[in-house]
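J.: My structure file coords-v3.cif, mmCIF, C-alpha atoms, is below:
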data_structure
#
loop_
_atom_site.label_atom_id
_atom_site.label_comp_id
_atom_site.auth_asym_id
_atom_site.auth_seq_id
_atom_site.Cartn_x
_atom_site.Cartn_y
_atom_site.Cartn_z
CA MET A 1 6.59 -27.58 15.88
CA ALA A 2 8.70 -24.75 17.38
CA PRO A 3 7.69 -23.41 20.79
CA LYS A 4 5.60 -20.28 20.68
CA ALA A 5 7.52 -17.07 21.44
CA PRO A 6 6.46 -15.32 24.65
CA ALA A 7 4.20 -12.32 24.24
CA PRO A 8 6.03 -8.99 24.47
CA LYS A 9 5.84 -7.31 27.86
CA ALA A 10 3.69 -4.23 28.22
CA PRO A 11 5.81 -1.07 28.32
CA PHE A 12 4.11 0.17 31.49
CA ALA A 13 3.08 -1.48 34.72
CA PRO A 14 -0.65 -1.61 35.35
CA VAL A 15 -2.07 1.34 37.27
CA PRO A 16 -2.58 0.24 40.88
CA THR A 17 -6.08 0.31 42.31
CA ASP A 18 -7.00 1.16 45.89
CA ASP A 19 -7.01 -2.59 46.59
CA ASP A 20 -3.31 -2.71 45.63
CA LEU A 21 -2.20 0.05 48.01
CA PRO A 22 -1.18 -0.62 51.63
CA ARG A 23 -4.14 -0.71 54.03
CA ALA A 24 -4.28 -0.15 57.78
CA LEU A 25 -5.45 -3.02 59.98
CA GLN A 26 -8.02 -1.94 62.58
CA PRO A 27 -9.55 -4.67 64.78
CA PRO A 28 -13.28 -4.12 65.44
CA GLY A 29 -13.99 -2.22 68.64
CA TRP A 30 -10.43 -0.99 69.14
CA PRO A 31 -9.95 2.75 69.54
CA ARG A 32 -8.59 4.33 66.35
CA PRO A 33 -4.94 5.28 66.83
CA GLN A 34 -3.94 8.88 66.18
CA GLY A 35 -0.96 9.42 63.88
CA TYR A 36 -0.11 5.75 63.29
CA ALA A 37 -1.71 2.39 62.44
CA ASN A 38 -1.86 -0.73 64.61
CA GLY A 39 -0.81 -2.80 61.61
CA MET A 40 -0.67 -2.77 57.82
CA THR A 41 -1.24 -5.15 54.95
CA ALA A 42 0.23 -4.76 51.48
CA LYS A 43 1.31 -6.69 48.43
CA GLY A 44 4.06 -5.82 45.99
CA ARG A 45 7.74 -4.86 45.88
CA VAL A 46 9.38 -3.95 49.20
CA VAL A 47 11.47 -0.76 49.44
CA LEU A 48 13.53 -0.23 52.62
CA THR A 49 15.62 2.58 53.99
CA GLY A 50 18.46 2.31 56.42
CA GLY A 51 18.47 4.57 59.43
CA VAL A 52 17.79 8.07 58.08
CA VAL A 53 18.81 11.15 60.06
CA GLY A 54 17.86 14.80 59.72
CA TRP A 55 20.92 16.36 58.18
CA ASP A 56 21.08 18.36 54.99
CA MET A 57 23.36 17.65 52.02
CA MET A 58 26.24 19.37 53.86
CA GLN A 59 25.62 17.07 56.87
CA ASN A 60 24.39 19.93 59.06
CA PHE A 61 21.59 19.29 61.57
CA PRO A 62 18.82 21.70 62.58
CA ASP A 63 18.93 22.56 66.29
CA SER A 64 15.36 21.56 67.21
CA PHE A 65 13.90 18.07 67.47
CA ALA A 66 11.02 18.99 65.14
CA GLY A 67 13.45 20.56 62.65
CA GLN A 68 15.51 17.38 62.57
CA ALA A 69 12.34 15.31 62.19
CA ARG A 70 11.15 17.43 59.24
CA GLN A 71 14.54 17.01 57.51
CA THR A 72 14.51 13.28 58.32
CA PHE A 73 11.06 12.93 56.68
CA SER A 74 12.30 14.76 53.59
CA ASN A 75 15.46 12.65 53.36
CA MET A 76 13.45 9.45 53.83
CA LEU A 77 11.05 10.37 51.01
CA LYS A 78 13.97 11.09 48.65
CA ILE A 79 15.43 7.63 49.37
CA LEU A 80 12.04 5.93 48.91
CA ALA A 81 11.53 7.80 45.61
CA GLU A 82 14.78 6.29 44.33
CA GLY A 83 13.07 2.90 44.77
CA GLY A 84 9.83 4.04 43.13
CA ALA A 85 7.95 4.48 46.41
CA GLY A 86 6.03 7.43 47.82
CA PRO A 87 4.45 8.18 51.18
CA GLU A 88 1.29 6.30 50.15
CA HIS A 89 3.37 3.09 50.05
CA LEU A 90 4.65 3.33 53.64
CA VAL A 91 3.77 0.34 55.82
CA ARG A 92 6.16 0.79 58.77
CA LEU A 93 8.29 3.46 60.41
CA THR A 94 10.61 2.77 63.32
CA TRP A 95 11.75 5.93 65.07
CA TYR A 96 14.85 5.98 67.27
CA VAL A 97 15.00 9.06 69.50
CA THR A 98 17.61 10.12 72.01
CA ASP A 99 15.13 11.81 74.38
CA LEU A 100 11.49 10.71 74.78
CA ASP A 101 10.70 13.83 76.82
CA GLU A 102 11.90 16.05 73.97
CA TYR A 103 9.89 13.90 71.52
CA ARG A 104 6.73 14.26 73.66
CA ALA A 105 7.28 18.01 74.08
CA SER A 106 7.51 18.36 70.28
CA LEU A 107 4.38 16.37 69.34
CA LYS A 108 2.40 19.34 67.98
CA GLU A 109 5.32 20.53 65.81
CA LEU A 110 6.12 16.92 64.84
CA GLY A 111 2.55 16.32 63.69
CA ARG A 112 2.61 19.47 61.57
CA ALA A 113 6.00 18.58 60.04
CA TYR A 114 4.80 15.02 59.34
CA ARG A 115 1.58 16.13 57.62
CA GLU A 116 3.33 18.86 55.60
CA THR A 117 6.04 16.47 54.43
CA ILE A 118 4.45 13.01 54.31
CA GLY A 119 0.75 13.83 54.26
CA THR A 120 -1.96 11.83 55.96
CA TYR A 121 -0.41 8.39 55.45
CA TYR A 122 0.00 6.77 58.86
CA PRO A 123 1.69 3.36 58.74
CA ALA A 124 2.46 1.09 61.68
CA MET A 125 4.99 2.94 63.85
CA ALA A 126 7.17 2.39 66.87
CA VAL A 127 9.17 4.99 68.79
CA VAL A 128 12.16 3.73 70.76
CA GLN A 129 14.46 5.75 73.02
CA VAL A 130 18.15 4.99 72.55
CA THR A 131 21.17 6.21 74.48
CA GLY A 132 22.77 7.61 71.34
CA LEU A 133 22.92 7.51 67.57
CA VAL A 134 25.97 7.09 65.32
CA GLU A 135 25.77 10.76 64.28
CA LYS A 136 26.35 12.57 67.59
CA ALA A 137 24.27 15.63 66.69
CA ALA A 138 21.27 13.49 65.61
CA LYS A 139 18.24 13.49 67.89
CA ILE A 140 16.15 11.20 65.68
CA GLU A 141 16.74 8.39 63.19
CA ILE A 142 13.98 6.64 61.24
CA GLU A 143 13.89 3.35 59.30
CA ALA A 144 11.11 3.07 56.71
CA THR A 145 9.47 0.15 54.96
CA ALA A 146 7.28 0.71 51.91
CA VAL A 147 5.49 -1.70 49.58
CA VAL A 148 4.91 -0.67 45.97
CA PRO A 149 2.20 -2.52 44.01
CA GLU A 150 3.56 -4.52 41.07
#
Give the structure from the file, written as structure tokens.
T.:
Amino acid sequence: MAPKAPAPKAPFAPVPTDDDLPRALQPPGWPRPQGYANGMTAKGRVVLTGGVVGWDMMQNFPDSFAGQARQTFSNMLKILAEGGAGPEHLVRLTWYVTDLDEYRASLKELGRAYRETIGTYYPAMAVVQVTGLVEKAAKIEIEATAVVPE
């Protein structure tokens, strides 16, 4: 008897449920972090960016830290979208900044730019000061990790 042919694949992936989306990890009794998560859990296909800076398509940078951050967020989302990911799939952001004092002084504007661009998705994050970035005019560079449910 000939082997049975495999069933045809469905033309569309199943619609993910809330259980499929990344979820923040919050140990009991710990204070809730503001603007980030202590950790994340997710299952699915991983989408990564390289270091993303805040230049436009002509490779021009805004002057302000918050302006560069806003453009960086936008650029990062465009890259993630190419891999089928959106802000709701973010599980980790690593920020490299050239000046922690400038970062701290920009927190209010940064928060607004983040929420207006990314929304209220706060993955695990780290901010690291570096002595410089490859692009000399860059003040911030971000690497993103997202997990898209399969």
J.: Between A:Gly111, A:Gly54, A:Gly86, A:Pro123, which has the minimum distance to Leu25 in chain A (counting all atoms listed in the file)?
T.: A:Pro123
J.: Have a look at CA of Ala137 in chain A and CA of Arg92 in chain A and let me know their distance in Å, one decimal.
T.: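 Straight-line distance from CA of Ala137 in chain A to CA of Arg92 in chain A works out to 24.7 Å.
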J.: Quick one: everything within 9 Å of Phe65 in chain A, counting all atoms listed in the file, minus sequence neighbours fewer than 2 positions away in the same chain. Send it as a list in words.
T.: Pro62, Asp63, Gly67, Gln68, Ala69, Arg70, Glu102, Tyr103, Ser106, Leu110, Ala138, Lys139 and Ile140 of chain A
J.: Quick check, in Å to one decimal: how far apart do CA of Asp20 in chain A and CA of His89 in chain A lie?
T.: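 Calculated distance between CA of Asp20 in chain A and CA of His89 in chain A is 9.9 Å.
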J.: Return the single residue from A:Ala66, A:Ile142, A:Leu90, A:Leu133 that is closest to Lys43 in chain A, with distances computed using all atoms listed in the file.
T.: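 That would be A:Leu90, the residue with the smallest distance to Lys43 in chain A.
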J.: If you apply the PyMOL selection byres ((chain A and resi 79) around 10) to this file, what residues do you get, as a short mmCIF file (atom, residue, chain, number, x, y, z; two decimals) with C-alpha atoms, in the coordinates of the input?
T.:
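The result, written out as selection-v6.cif:
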data_model
loop_
_atom_site.label_atom_id
_atom_site.label_comp_id
_atom_site.auth_asym_id
_atom_site.auth_seq_id
_atom_site.Cartn_x
_atom_site.Cartn_y
_atom_site.Cartn_z
CA VAL A 47 11.47 -0.76 49.44
CA LEU A 48 13.53 -0.23 52.62
CA THR A 49 15.62 2.58 53.99
CA GLY A 50 18.46 2.31 56.42
CA VAL A 52 17.79 8.07 58.08
CA SER A 74 12.30 14.76 53.59
CA ASN A 75 15.46 12.65 53.36
CA MET A 76 13.45 9.45 53.83
CA LEU A 77 11.05 10.37 51.01
CA LYS A 78 13.97 11.09 48.65
CA LEU A 80 12.04 5.93 48.91
CA ALA A 81 11.53 7.80 45.61
CA GLU A 82 14.78 6.29 44.33
CA GLY A 83 13.07 2.90 44.77
CA GLY A 84 9.83 4.04 43.13
CA ALA A 85 7.95 4.48 46.41
CA GLY A 86 6.03 7.43 47.82
CA ALA A 144 11.11 3.07 56.71
#
J.: Quick one, how far is CA of Val147 in chain A from CA of Leu21 in chain A?
T.: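 The value is 8.0 Å.
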J.: At most 12 Å is the cut-off: for each residue in range 43-137 of chain A with any atom that close to an atom of range 27-33 of chain A, write down the nearest atom pair and the distance in Å rounded to one decimal, counting only C-alpha atoms, chain first then increasing number, as JSON lines.
T.:
{"residue": "A:Tyr122", "atom": "CA", "partner": "A:Pro33", "partner_atom": "CA", "distance": 9.5}
{"residue": "A:Pro123", "atom": "CA", "partner": "A:Pro33", "partner_atom": "CA", "distance": 10.6}
{"residue": "A:Ala124", "atom": "CA", "partner": "A:Pro33", "partner_atom": "CA", "distance": 9.9}
{"residue": "A:Met125", "atom": "CA", "partner": "A:Pro33", "partner_atom": "CA", "distance": 10.6}
J.: Where does the PyMOL selection byres ((chain A and resi 118) around 9) land in this file, that is, which residues does it pick, as a PyMOL selection string?
T.: chain A and resi 73-74+77+86-88+113-117+119-122
J.: Go through A:Trp95, A:Glu135, A:Gln26, A:Val148 one by one, measure the shortest atom-to-atom distance of each to Gly44 in chain A using all atoms listed in the file, and give the residue with the smallest value.
T.: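 Checking each candidate against Gly44 in chain A, we get A:Val148 as the closest.
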